[in-house]
file structure37.txt (compact mmCIF, C-alpha atoms (C1' of nucleotides))
# COMPACT_ATOMS: atom_id res chain seq x y z
CA MET A 1 -62.71 -30.20 29.35
CA LYS A 2 -58.99 -30.00 29.75
CA THR A 3 -58.00 -33.52 30.56
CA ARG A 4 -55.17 -33.51 28.12
CA GLN A 5 -51.96 -33.03 29.97
CA SER A 6 -50.07 -29.99 28.81
CA THR A 7 -46.96 -31.80 29.89
CA GLN A 8 -45.78 -35.04 28.46
CA SER A 9 -43.62 -37.73 29.84
CA LEU A 10 -41.63 -40.04 27.62
CA PHE A 11 -41.52 -42.86 30.12
CA SER A 12 -43.43 -44.54 32.90
CA VAL A 13 -42.22 -43.72 36.40
CA PRO A 14 -40.11 -46.87 36.80
CA GLN A 15 -38.53 -46.23 33.40
CA GLN A 16 -37.70 -42.68 34.44
CA HIS A 17 -35.86 -43.95 37.50
CA LEU A 18 -33.94 -46.43 35.42
CA PHE A 19 -33.06 -43.80 32.86
CA ARG A 20 -31.74 -41.39 35.51
CA LYS A 21 -29.69 -44.05 37.20
CA ASP A 22 -28.16 -45.30 33.96
CA ILE A 23 -27.33 -41.99 32.40
CA LEU A 24 -25.86 -40.56 35.61
CA ALA A 25 -23.76 -43.67 36.16
CA TRP A 26 -22.53 -43.41 32.60
CA TYR A 27 -21.76 -39.71 33.05
CA ASP A 28 -19.90 -40.30 36.29
CA ARG A 29 -17.71 -42.78 34.50
CA HIS A 30 -17.25 -41.29 31.06
CA GLN A 31 -17.57 -37.52 31.30
CA ARG A 32 -14.94 -35.56 29.45
CA ASP A 33 -12.48 -33.54 31.45
CA LEU A 34 -13.59 -30.05 30.41
CA PRO A 35 -12.15 -26.85 31.90
CA TRP A 36 -15.49 -25.48 33.11
CA ARG A 37 -16.14 -28.64 35.06
CA ALA A 38 -13.23 -27.94 37.42
CA ASN A 39 -15.41 -26.05 39.89
CA ARG A 40 -18.82 -24.42 40.21
CA ASP A 41 -17.84 -20.79 40.00
CA PRO A 42 -20.90 -19.21 38.34
CA TYR A 43 -18.73 -16.71 36.45
CA ARG A 44 -16.82 -19.53 34.81
CA ILE A 45 -19.92 -21.61 34.16
CA TRP A 46 -21.62 -18.59 32.62
CA LEU A 47 -18.66 -17.80 30.39
CA SER A 48 -18.50 -21.38 29.17
CA GLU A 49 -22.21 -21.46 28.42
CA ILE A 50 -22.11 -18.25 26.40
CA MET A 51 -19.05 -19.40 24.46
CA LEU A 52 -20.68 -22.77 23.83
CA GLN A 53 -23.75 -21.29 22.18
CA GLN A 54 -23.70 -22.76 18.68
CA THR A 55 -19.98 -23.32 19.06
CA ARG A 56 -18.03 -26.55 19.35
CA VAL A 57 -16.32 -27.59 22.53
CA ALA A 58 -12.88 -27.67 20.92
CA ALA A 59 -13.20 -24.11 19.63
CA VAL A 60 -14.33 -22.89 23.03
CA ILE A 61 -11.46 -24.50 24.92
CA GLU A 62 -9.00 -22.63 22.72
CA HIS A 63 -10.45 -19.29 23.87
CA TYR A 64 -11.65 -20.09 27.37
CA HIS A 65 -8.34 -20.08 29.25
CA GLU A 66 -7.01 -16.98 27.59
CA PHE A 67 -10.28 -15.12 28.20
CA LEU A 68 -10.16 -15.99 31.89
CA ARG A 69 -6.52 -15.02 32.06
CA ARG A 70 -7.42 -11.58 30.74
CA PHE A 71 -10.62 -11.24 32.77
CA PRO A 72 -10.18 -13.42 35.88
CA THR A 73 -13.25 -12.06 37.68
CA ILE A 74 -16.54 -10.56 36.70
CA GLU A 75 -15.31 -7.24 38.07
CA ASP A 76 -12.39 -7.34 35.64
CA LEU A 77 -14.76 -8.08 32.79
CA ALA A 78 -17.18 -5.32 33.77
CA ALA A 79 -14.34 -2.81 33.97
CA ALA A 80 -12.83 -3.76 30.62
CA ARG A 81 -13.33 -1.86 27.39
CA GLU A 82 -15.56 -3.51 24.83
CA ALA A 83 -12.70 -3.57 22.31
CA SER A 84 -10.64 -5.68 24.71
CA VAL A 85 -13.49 -8.12 25.21
CA LEU A 86 -13.97 -8.43 21.46
CA ALA A 87 -10.25 -9.00 21.00
CA ALA A 88 -10.42 -11.92 23.42
CA TRP A 89 -13.46 -13.21 21.57
CA SER A 90 -11.83 -12.90 18.14
CA GLY A 91 -12.30 -16.06 16.10
CA LEU A 92 -15.22 -17.43 18.11
CA GLY A 93 -17.88 -15.80 15.95
CA TYR A 94 -21.30 -14.45 16.90
CA TYR A 95 -19.69 -11.35 18.31
CA ARG A 96 -22.95 -10.08 19.71
CA ARG A 97 -22.44 -12.70 22.41
CA ALA A 98 -19.32 -10.90 23.56
CA ARG A 99 -21.06 -7.53 23.68
CA MET A 100 -23.95 -8.98 25.66
CA LEU A 101 -21.61 -10.85 27.98
CA HIS A 102 -19.85 -7.59 28.68
CA SER A 103 -23.08 -5.71 29.24
CA ALA A 104 -24.43 -8.43 31.54
CA ALA A 105 -21.21 -8.26 33.56
CA LYS A 106 -21.78 -4.56 34.10
CA VAL A 107 -25.35 -5.19 35.21
CA ILE A 108 -24.26 -7.85 37.69
CA VAL A 109 -21.55 -5.66 39.16
CA ARG A 110 -23.62 -2.49 39.26
CA GLU A 111 -27.07 -3.82 40.17
CA HIS A 112 -26.26 -7.03 42.01
CA GLY A 113 -23.11 -5.88 43.77
CA GLY A 114 -21.05 -8.36 41.79
CA LYS A 115 -22.97 -11.29 43.24
CA PHE A 116 -24.17 -13.61 40.55
CA PRO A 117 -27.98 -14.01 40.28
CA MET A 118 -28.87 -17.49 41.46
CA THR A 119 -32.24 -18.33 39.95
CA GLU A 120 -33.28 -19.25 36.46
CA LYS A 121 -35.72 -16.38 36.38
CA GLN A 122 -33.19 -13.75 37.41
CA LEU A 123 -30.61 -15.16 35.07
CA GLN A 124 -32.89 -15.01 32.08
CA ALA A 125 -33.37 -11.31 32.64
CA LEU A 126 -29.72 -10.72 31.78
CA PRO A 127 -28.56 -9.86 28.25
CA GLY A 128 -27.50 -12.88 26.22
CA ILE A 129 -29.11 -15.37 28.58
CA GLY A 130 -32.12 -17.13 27.14
CA ARG A 131 -34.06 -20.13 28.32
CA TYR A 132 -31.33 -22.66 27.70
CA THR A 133 -28.47 -20.71 29.27
CA ALA A 134 -30.51 -19.64 32.30
CA ALA A 135 -31.43 -23.23 33.05
CA ALA A 136 -27.88 -24.42 32.45
CA ILE A 137 -26.32 -21.94 34.88
CA ALA A 138 -29.07 -22.34 37.48
CA SER A 139 -28.78 -26.12 37.49
CA ILE A 140 -25.02 -26.48 37.16
CA ALA A 141 -23.88 -23.69 39.45
CA PHE A 142 -26.81 -23.49 41.87
CA ASP A 143 -28.54 -26.91 41.83
CA GLU A 144 -31.88 -25.50 40.71
CA PRO A 145 -33.99 -28.39 39.34
CA VAL A 146 -34.61 -27.06 35.84
CA ALA A 147 -33.93 -28.99 32.65
CA VAL A 148 -32.10 -27.75 29.59
CA VAL A 149 -32.87 -28.41 25.96
CA ASP A 150 -30.09 -27.72 23.50
CA GLY A 151 -29.40 -29.29 20.11
CA ASN A 152 -27.98 -32.40 21.76
CA VAL A 153 -30.87 -32.91 24.17
CA GLU A 154 -33.35 -32.34 21.38
CA ARG A 155 -31.78 -35.09 19.30
CA VAL A 156 -31.54 -37.49 22.25
CA LEU A 157 -35.18 -36.96 23.22
CA GLN A 158 -36.45 -37.36 19.68
CA ARG A 159 -34.55 -40.58 19.24
CA LEU A 160 -35.79 -41.86 22.60
CA ALA A 161 -39.34 -40.98 21.57
CA GLY A 162 -38.99 -42.15 18.01
CA ARG A 163 -40.58 -39.07 16.55
CA ARG A 164 -40.20 -35.36 16.19
CA LEU A 165 -41.24 -33.36 19.22
CA ALA A 166 -42.44 -29.78 19.24
CA SER A 167 -40.56 -27.30 21.38
CA VAL A 168 -43.14 -27.42 24.17
CA GLU A 169 -42.95 -31.20 24.25
CA LEU A 170 -39.17 -31.14 24.37
CA TRP A 171 -38.97 -28.88 27.40
CA SER A 172 -41.74 -30.76 29.10
CA ALA A 173 -40.19 -34.16 28.47
CA ALA A 174 -36.79 -32.93 29.62
CA ASN A 175 -38.24 -31.58 32.85
CA HIS A 176 -40.06 -34.82 33.55
CA LEU A 177 -36.93 -36.80 32.99
CA LEU A 178 -34.69 -34.49 35.03
CA ASP A 179 -33.04 -35.92 38.12
CA LYS A 180 -34.00 -33.32 40.70
CA LYS A 181 -31.30 -34.35 43.13
CA ARG A 182 -28.51 -33.83 40.61
CA PRO A 183 -29.96 -31.44 38.02
CA GLY A 184 -26.63 -30.01 36.87
CA ASP A 185 -25.07 -33.41 36.36
CA PHE A 186 -28.20 -34.74 34.70
CA ASN A 187 -28.33 -31.86 32.23
CA GLN A 188 -24.69 -32.23 31.40
CA ALA A 189 -25.13 -35.98 31.08
CA MET A 190 -27.89 -35.52 28.52
CA MET A 191 -25.77 -33.12 26.49
CA GLU A 192 -22.71 -35.31 26.86
CA LEU A 193 -24.70 -38.29 25.64
CA GLY A 194 -25.79 -36.33 22.59
CA ALA A 195 -22.27 -35.13 21.87
CA VAL A 196 -20.41 -38.38 22.47
CA GLN A 197 -22.81 -41.28 21.93
CA CYS A 198 -26.01 -40.12 20.32
CA ASN A 199 -24.30 -37.92 17.77
CA PRO A 200 -26.08 -36.76 14.61
CA ARG A 201 -24.43 -38.89 11.95
CA ALA A 202 -23.41 -42.16 13.52
CA PRO A 203 -25.00 -42.85 16.89
CA ALA A 204 -22.99 -45.41 18.87
CA CYS A 205 -25.99 -47.41 20.02
CA LEU A 206 -23.92 -50.50 20.79
CA THR A 207 -22.30 -48.75 23.74
CA CYS A 208 -25.20 -46.49 24.70
CA PRO A 209 -26.16 -46.66 28.38
CA VAL A 210 -29.86 -46.17 27.67
CA VAL A 211 -30.30 -48.08 24.44
CA GLU A 212 -32.87 -50.36 26.06
CA LEU A 213 -35.12 -47.37 26.71
CA CYS A 214 -34.72 -46.00 23.20
CA SER A 215 -37.38 -46.55 20.59
CA THR A 216 -35.23 -45.48 17.67
CA ARG A 217 -31.84 -47.07 18.25
CA GLY A 218 -30.01 -45.19 15.61
CA GLU A 219 -32.33 -45.14 12.68
CA LEU A 220 -33.78 -41.70 13.10
CA ALA A 221 -34.48 -40.00 9.83
CA VAL A 222 -32.61 -36.81 9.17
CA GLU A 223 -34.62 -33.94 7.84
CA ALA A 224 -33.63 -32.33 4.64
CA LYS A 225 -32.35 -28.80 4.85
CA ALA A 226 -32.19 -26.57 1.85
CA ALA A 227 -29.67 -23.85 2.62
CA ARG A 228 -27.01 -23.71 -0.02
CA GLN A 229 -23.68 -22.04 0.43
CA LYS A 230 -22.96 -19.29 -2.03
CA GLN A 231 -19.49 -19.11 -3.52
CA CYS A 232 -17.57 -15.88 -3.74
CA GLU A 233 -14.04 -14.62 -4.33
CA ILE A 234 -12.57 -11.81 -2.25
CA HIS A 235 -9.20 -10.05 -2.24
CA TYR A 236 -7.19 -8.45 0.53
CA ALA A 237 -4.01 -6.44 0.68
CA LEU A 238 -1.31 -7.51 3.08
CA ASP A 239 1.00 -4.62 3.94
CA VAL A 240 3.72 -5.22 6.49
CA ARG A 241 6.52 -2.77 7.16
CA ASP A 242 8.77 -2.16 10.11
CA GLY A 243 6.92 -4.75 12.14
CA GLU A 244 3.55 -3.11 11.55
CA VAL A 245 0.50 -4.22 9.60
CA TRP A 246 -2.02 -1.99 7.85
CA LEU A 247 -5.55 -2.77 9.08
CA VAL A 248 -8.93 -1.17 8.61
CA GLN A 249 -11.96 -1.15 10.86
CA ARG A 250 -15.38 -2.36 9.79
CA ALA A 251 -18.22 0.12 10.04
CA ARG A 252 -19.65 0.59 13.53
CA ASP A 253 -23.11 -0.09 12.16
CA ALA A 254 -22.21 -2.99 9.92
CA SER A 255 -24.57 -5.90 10.39
CA LEU A 256 -21.68 -8.31 10.33
CA MET A 257 -18.75 -8.04 12.74
CA ALA A 258 -19.33 -4.34 13.37
CA GLY A 259 -16.31 -2.36 14.47
CA MET A 260 -13.88 -5.21 14.13
CA TRP A 261 -10.54 -4.99 12.35
CA GLU A 262 -9.51 -6.69 9.13
CA LEU A 263 -7.21 -6.34 6.15
CA PRO A 264 -8.21 -3.79 3.51
CA GLU A 265 -10.18 -5.25 0.64
CA VAL A 266 -8.73 -4.63 -2.83
CA ALA A 267 -9.70 -5.25 -6.43
CA SER A 268 -8.72 -8.53 -8.02
CA MET A 269 -5.30 -8.67 -9.66
CA ASN A 270 -5.92 -12.07 -11.13
CA GLY A 271 -3.89 -12.35 -14.33
CA VAL A 272 -1.84 -9.26 -13.50
CA SER A 273 0.27 -10.79 -10.78
CA ARG A 274 0.15 -13.70 -8.39
CA PRO A 275 -1.37 -13.71 -4.93
CA VAL A 276 0.87 -14.35 -1.95
CA PHE A 277 -1.45 -17.16 -1.10
CA THR A 278 -5.05 -18.30 -1.40
CA LEU A 279 -7.25 -19.79 1.30
CA ARG A 280 -10.85 -20.72 1.87
CA HIS A 281 -13.13 -19.30 4.49
CA SER A 282 -16.83 -19.59 5.19
CA ILE A 283 -18.96 -16.94 6.83
CA THR A 284 -22.66 -17.57 7.40
CA VAL A 285 -23.96 -18.66 4.01
CA THR A 286 -20.99 -17.78 1.85
CA ASP A 287 -17.90 -19.79 1.04
CA TYR A 288 -15.11 -17.36 0.23
CA THR A 289 -12.08 -18.02 -1.86
CA VAL A 290 -9.69 -15.52 -0.35
CA ARG A 291 -6.71 -14.20 -2.28
CA VAL A 292 -4.10 -12.18 -0.46
CA TRP A 293 -1.91 -9.69 -2.36
CA GLN A 294 1.22 -7.76 -1.59
CA ASN A 295 1.81 -4.31 -3.08
CA ALA A 296 -1.84 -4.05 -4.01
CA VAL A 297 -3.38 -0.65 -4.60
CA ARG A 298 -5.39 0.20 -1.54
CA SER A 299 -8.20 2.66 -1.73
CA ARG A 300 -7.91 5.61 0.64
CA THR A 301 -10.10 4.15 3.30
CA ALA A 302 -9.06 5.08 6.77
CA GLY A 303 -6.86 2.56 8.47
CA LYS A 304 -4.05 2.18 10.95
CA TRP A 305 -0.59 0.71 11.22
CA ILE A 306 -0.80 -1.86 13.97
CA PRO A 307 2.42 -3.11 15.59
CA ARG A 308 2.66 -6.88 15.30
CA GLY A 309 3.12 -7.20 19.04
CA ARG A 310 -0.27 -5.60 19.62
CA LEU A 311 -2.28 -7.83 17.29
CA GLU A 312 -3.29 -10.19 20.09
CA ARG A 313 -5.13 -7.28 21.69
CA VAL A 314 -6.97 -6.19 18.56
CA ALA A 315 -10.52 -7.29 17.78
CA LEU A 316 -9.64 -9.03 14.53
CA THR A 317 -12.22 -10.83 12.48
CA GLY A 318 -11.69 -14.56 12.29
CA LEU A 319 -10.64 -14.25 8.66
CA ALA A 320 -8.09 -11.51 9.41
CA ARG A 321 -6.65 -13.67 12.15
CA LYS A 322 -6.44 -16.61 9.80
CA ILE A 323 -4.68 -14.62 7.09
CA LEU A 324 -2.19 -13.03 9.49
CA ARG A 325 -1.38 -16.38 10.97
CA LYS A 326 -0.83 -17.98 7.59
CA ALA A 327 1.41 -15.05 6.65
CA GLU A 328 3.27 -15.63 9.92
CA VAL A 329 2.63 -12.06 10.97
CA LEU A 330 0.66 -13.15 14.02
C1' DA B 1 -42.47 -18.38 13.21
C1' DA B 2 -38.67 -17.03 10.59
C1' DT B 3 -34.15 -14.59 10.23
C1' DT B 4 -29.81 -13.19 11.49
C1' DC B 5 -25.46 -13.78 13.45
C1' DG B 6 -19.22 -16.85 12.49
C1' DG B 7 -16.60 -20.22 11.81
C1' DG B 8 -14.99 -24.71 11.47
C1' DG B 9 -15.02 -29.88 12.34
C1' DT B 10 -16.52 -33.97 10.27
C1' DG B 11 -18.44 -37.98 7.79
C1' DC C 1 -19.51 -30.74 0.04
C1' DA C 2 -23.49 -30.77 3.44
C1' DC C 3 -24.65 -30.60 7.99
C1' DC C 4 -24.61 -28.91 12.52
C1' DC C 5 -22.71 -27.25 16.70
C1' DA C 6 -24.12 -26.77 25.22
C1' DG C 7 -28.89 -20.37 21.18
C1' DA C 8 -30.46 -15.49 21.69
C1' DA C 9 -32.36 -11.43 19.92
C1' DT C 10 -34.96 -9.33 16.57
C1' DT C 11 -38.60 -8.88 13.30
call {"tool": "encode", "arguments": {"input": "structure37.txt", "output": "structure tokens"}}
result
Amino acid sequence: MKTRQSTQSLFSVPQQHLFRKDILAWYDRHQRDLPWRANRDPYRIWLSEIMLQQTRVAAVIEHYHEFLRRFPTIEDLAAAREASVLAAWSGLGYYRRARMLHSAAKVIVREHGGKFPMTEKQLQALPGIGRYTAAAIASIAFDEPVAVVDGNVERVLQRLAGRRLASVELWSAANHLLDKKRPGDFNQAMMELGAVQCNPRAPACLTCPVVELCSTRGELAVEAKAARQKQCEIHYALDVRDGEVWLVQRARDASLMAGMWELPEVASMNGVSRPVFTLRHSITVTDYTVRVWQNAVRSRTAGKWIPRGRLERVALTGLARKILRKAEVL
DNA sequence: AATTCGGGGTG
DNA sequence: CACCCAGAATT
């Protein structure tokens, strides 16, 4: 017999009410002033959610305004060329997000007449929108009572529960806890709590609004993760003449940052001459020591002279952007 | 269920 | 230096 509930609740009903009241009151008082909280325009909420996938708030804010300045409406975005969208995304990483954002914009304009889909189910059918993002947009922009589970919420729930929770349990617990009258605020409050109070390293339990309902209170064990960063040295040529820079384009079918622009890679001249400068950069699982050379021998790979004034509009890799900025070319 | 995809802030 | 960030798509 199937008496076992497939859904689980962390708290008794009275505790749930208390939790909702406390966390919403805390959120009303302490929420950060973030750009995407200015209104409930689904286009802007959507953009923020895509940018925020695995990306810190501070990094997103740097790109958010400029992206909206270039593509103020979803029609503008749908009509843009992919290269322009990637240029606006440059430095944010996970460039597939930008391609899927662009393709979803086209779908919304072409198949939905530019009107944003309003339900979690419809949203999740769009490219780049998974379970988390669909629930986030539906609840924040359209008041649909669906809970989100992101990295923050996962941590908060596990600390509340005092144990690890499987994915099914997490979504179930979050949905039980959800305040159905203010789902968008509740979801954001949970994430805000995880980001600001219940952070990974040093949870601020002393000032936590729900500490009395928490079974862990800060002592949650961290799980060991193996992944080691590999170290690697890489060399690039910096050629600037007449206000132009020589750049090359990554292969269209490269697995990493396909089609984006960067400086040409060259052989090491360590010992022969001195690099213009050296910097460090990490991509996925590799920590690069990057040496930049002037007057290096480039191979004959196809490239282009790009006027400095146009660099803002080029889909540079994050590393290329970093180098050009350090060289004061950008 | 496990991998892949960027890049950087932070303790 | 290690860890993790308002995850999704692919295998």
call {"tool": "interface_residues", "arguments": {"input": "structure37.txt", "of": "chain A", "to": "chain C", "cutoff": "10 Å", "atoms": "all atoms listed in the file", "output": "PDB file with C-alpha atoms, in the coordinates of the input"}}
result
ATOM      1  CA  SER A  48     -18.500 -21.380  29.170  1.00  0.00           C
ATOM      2  CA  GLU A  49     -22.210 -21.460  28.420  1.00  0.00           C
ATOM      3  CA  ILE A  50     -22.110 -18.250  26.400  1.00  0.00           C
ATOM      4  CA  MET A  51     -19.050 -19.400  24.460  1.00  0.00           C
ATOM      5  CA  LEU A  52     -20.680 -22.770  23.830  1.00  0.00           C
ATOM      6  CA  GLN A  53     -23.750 -21.290  22.180  1.00  0.00           C
ATOM      7  CA  GLN A  54     -23.700 -22.760  18.680  1.00  0.00           C
ATOM      8  CA  THR A  55     -19.980 -23.320  19.060  1.00  0.00           C
ATOM      9  CA  ARG A  56     -18.030 -26.550  19.350  1.00  0.00           C
ATOM     10  CA  VAL A  57     -16.320 -27.590  22.530  1.00  0.00           C
ATOM     11  CA  ARG A  96     -22.950 -10.080  19.710  1.00  0.00           C
ATOM     12  CA  ARG A  97     -22.440 -12.700  22.410  1.00  0.00           C
ATOM     13  CA  PRO A 127     -28.560  -9.860  28.250  1.00  0.00           C
ATOM     14  CA  GLY A 128     -27.500 -12.880  26.220  1.00  0.00           C
ATOM     15  CA  ILE A 129     -29.110 -15.370  28.580  1.00  0.00           C
ATOM     16  CA  GLY A 130     -32.120 -17.130  27.140  1.00  0.00           C
ATOM     17  CA  ARG A 131     -34.060 -20.130  28.320  1.00  0.00           C
ATOM     18  CA  TYR A 132     -31.330 -22.660  27.700  1.00  0.00           C
ATOM     19  CA  THR A 133     -28.470 -20.710  29.270  1.00  0.00           C
ATOM     20  CA  ALA A 136     -27.880 -24.420  32.450  1.00  0.00           C
ATOM     21  CA  VAL A 148     -32.100 -27.750  29.590  1.00  0.00           C
ATOM     22  CA  VAL A 149     -32.870 -28.410  25.960  1.00  0.00           C
ATOM     23  CA  ASP A 150     -30.090 -27.720  23.500  1.00  0.00           C
ATOM     24  CA  GLY A 151     -29.400 -29.290  20.110  1.00  0.00           C
ATOM     25  CA  ASN A 152     -27.980 -32.400  21.760  1.00  0.00           C
ATOM     26  CA  VAL A 153     -30.870 -32.910  24.170  1.00  0.00           C
ATOM     27  CA  ASN A 187     -28.330 -31.860  32.230  1.00  0.00           C
ATOM     28  CA  GLN A 188     -24.690 -32.230  31.400  1.00  0.00           C
ATOM     29  CA  MET A 191     -25.770 -33.120  26.490  1.00  0.00           C
ATOM     30  CA  GLU A 192     -22.710 -35.310  26.860  1.00  0.00           C
ATOM     31  CA  ALA A 195     -22.270 -35.130  21.870  1.00  0.00           C
ATOM     32  CA  PRO A 200     -26.080 -36.760  14.610  1.00  0.00           C
ATOM     33  CA  ARG A 201     -24.430 -38.890  11.950  1.00  0.00           C
ATOM     34  CA  ALA A 224     -33.630 -32.330   4.640  1.00  0.00           C
ATOM     35  CA  LYS A 225     -32.350 -28.800   4.850  1.00  0.00           C
ATOM     36  CA  ALA A 226     -32.190 -26.570   1.850  1.00  0.00           C
ATOM     37  CA  ALA A 227     -29.670 -23.850   2.620  1.00  0.00           C
ATOM     38  CA  ARG A 228     -27.010 -23.710  -0.020  1.00  0.00           C
ATOM     39  CA  GLN A 229     -23.680 -22.040   0.430  1.00  0.00           C
TER      40      GLN A 229
END
call {"tool": "interface_residues", "arguments": {"input": "structure37.txt", "of": "chain B", "to": "chain A", "cutoff": "8 Å", "atoms": "all atoms listed in the file", "output": "PDB file with C-alpha atoms (C1' of nucleotides), in the coordinates of the input"}}
result
ATOM      1  C1'  DC B   5     -25.460 -13.780  13.450  1.00  0.00           C
ATOM      2  C1'  DG B   6     -19.220 -16.850  12.490  1.00  0.00           C
ATOM      3  C1'  DG B   7     -16.600 -20.220  11.810  1.00  0.00           C
ATOM      4  C1'  DG B  11     -18.440 -37.980   7.790  1.00  0.00           C
TER       5       DG B  11
END
call {"tool": "residues_near_point", "arguments": {"input": "structure37.txt", "point": "(-4.8, 3.7, -4.6)", "cutoff": "12 Å", "atoms": "only C-alpha atoms (C1' of nucleotides)", "output": "list in words"}}
result
Ala237, Pro264, Glu265, Val266, Ala267, Asn295, Ala296, Val297, Arg298, Ser299, Arg300 and Thr301 of chain A
call {"tool": "closest_residue", "arguments": {"input": "structure37.txt", "among": "A:Cys205, A:Leu77, A:Ala141, A:Val240", "to": "Asp185 (chain A)", "atoms": "all atoms listed in the file"}}
result
A:Ala141
call {"tool": "atom_distance", "arguments": {"input": "structure37.txt", "atom1": "CA of Leu34 (chain A)", "atom2": "C1' of DG9 (chain B)"}}
result
18.1 Å
call {"tool": "decode", "arguments": {"input": "structure37.txt", "residues": "region 126-132 of chain A", "atoms": "all heavy atoms", "output": "short mmCIF file (atom, residue, chain, number, x, y, z; two decimals), in the first residue's frame"}}
result
data_model
loop_
_atom_site.label_atom_id
_atom_site.label_comp_id
_atom_site.auth_asym_id
_atom_site.auth_seq_id
_atom_site.Cartn_x
_atom_site.Cartn_y
_atom_site.Cartn_z
N LEU A 126 10.53 26.63 -23.46
CA LEU A 126 11.43 27.52 -24.21
C LEU A 126 12.89 27.12 -24.00
O LEU A 126 13.26 26.63 -22.94
CB LEU A 126 11.23 28.96 -23.75
CG LEU A 126 9.87 29.58 -24.09
CD1 LEU A 126 9.66 30.87 -23.32
CD2 LEU A 126 9.77 29.82 -25.59
N PRO A 127 13.73 27.36 -25.02
CA PRO A 127 15.15 27.04 -24.90
C PRO A 127 15.80 27.79 -23.75
O PRO A 127 15.56 28.99 -23.58
CB PRO A 127 15.73 27.51 -26.24
CG PRO A 127 14.59 27.72 -27.15
CD PRO A 127 13.37 27.94 -26.31
N GLY A 128 16.60 27.09 -22.97
CA GLY A 128 17.35 27.72 -21.90
C GLY A 128 16.57 27.90 -20.62
O GLY A 128 17.10 28.41 -19.64
N ILE A 129 15.29 27.50 -20.64
CA ILE A 129 14.48 27.61 -19.43
C ILE A 129 14.18 26.22 -18.90
O ILE A 129 13.43 25.47 -19.48
CB ILE A 129 13.17 28.38 -19.71
CG1 ILE A 129 13.51 29.81 -20.17
CG2 ILE A 129 12.30 28.41 -18.44
CD1 ILE A 129 12.30 30.70 -20.33
N GLY A 130 14.78 25.90 -17.78
CA GLY A 130 14.55 24.62 -17.13
C GLY A 130 13.58 24.78 -15.98
O GLY A 130 12.85 25.78 -15.90
N ARG A 131 13.61 23.82 -15.06
CA ARG A 131 12.63 23.83 -13.99
C ARG A 131 12.77 25.05 -13.08
O ARG A 131 11.79 25.70 -12.72
CB ARG A 131 12.76 22.56 -13.16
CG ARG A 131 11.68 22.45 -12.11
CD ARG A 131 11.66 21.09 -11.46
NE ARG A 131 10.56 21.00 -10.50
CZ ARG A 131 10.34 19.94 -9.73
NH1 ARG A 131 11.14 18.90 -9.81
NH2 ARG A 131 9.33 19.93 -8.88
N TYR A 132 14.00 25.34 -12.72
CA TYR A 132 14.22 26.49 -11.84
C TYR A 132 13.74 27.79 -12.49
O TYR A 132 12.95 28.54 -11.92
CB TYR A 132 15.71 26.63 -11.44
CG TYR A 132 15.95 28.02 -10.92
CD1 TYR A 132 15.61 28.34 -9.62
CD2 TYR A 132 16.37 29.05 -11.77
CE1 TYR A 132 15.73 29.65 -9.15
CE2 TYR A 132 16.49 30.34 -11.32
CZ TYR A 132 16.16 30.64 -10.02
OH TYR A 132 16.24 31.92 -9.58
#
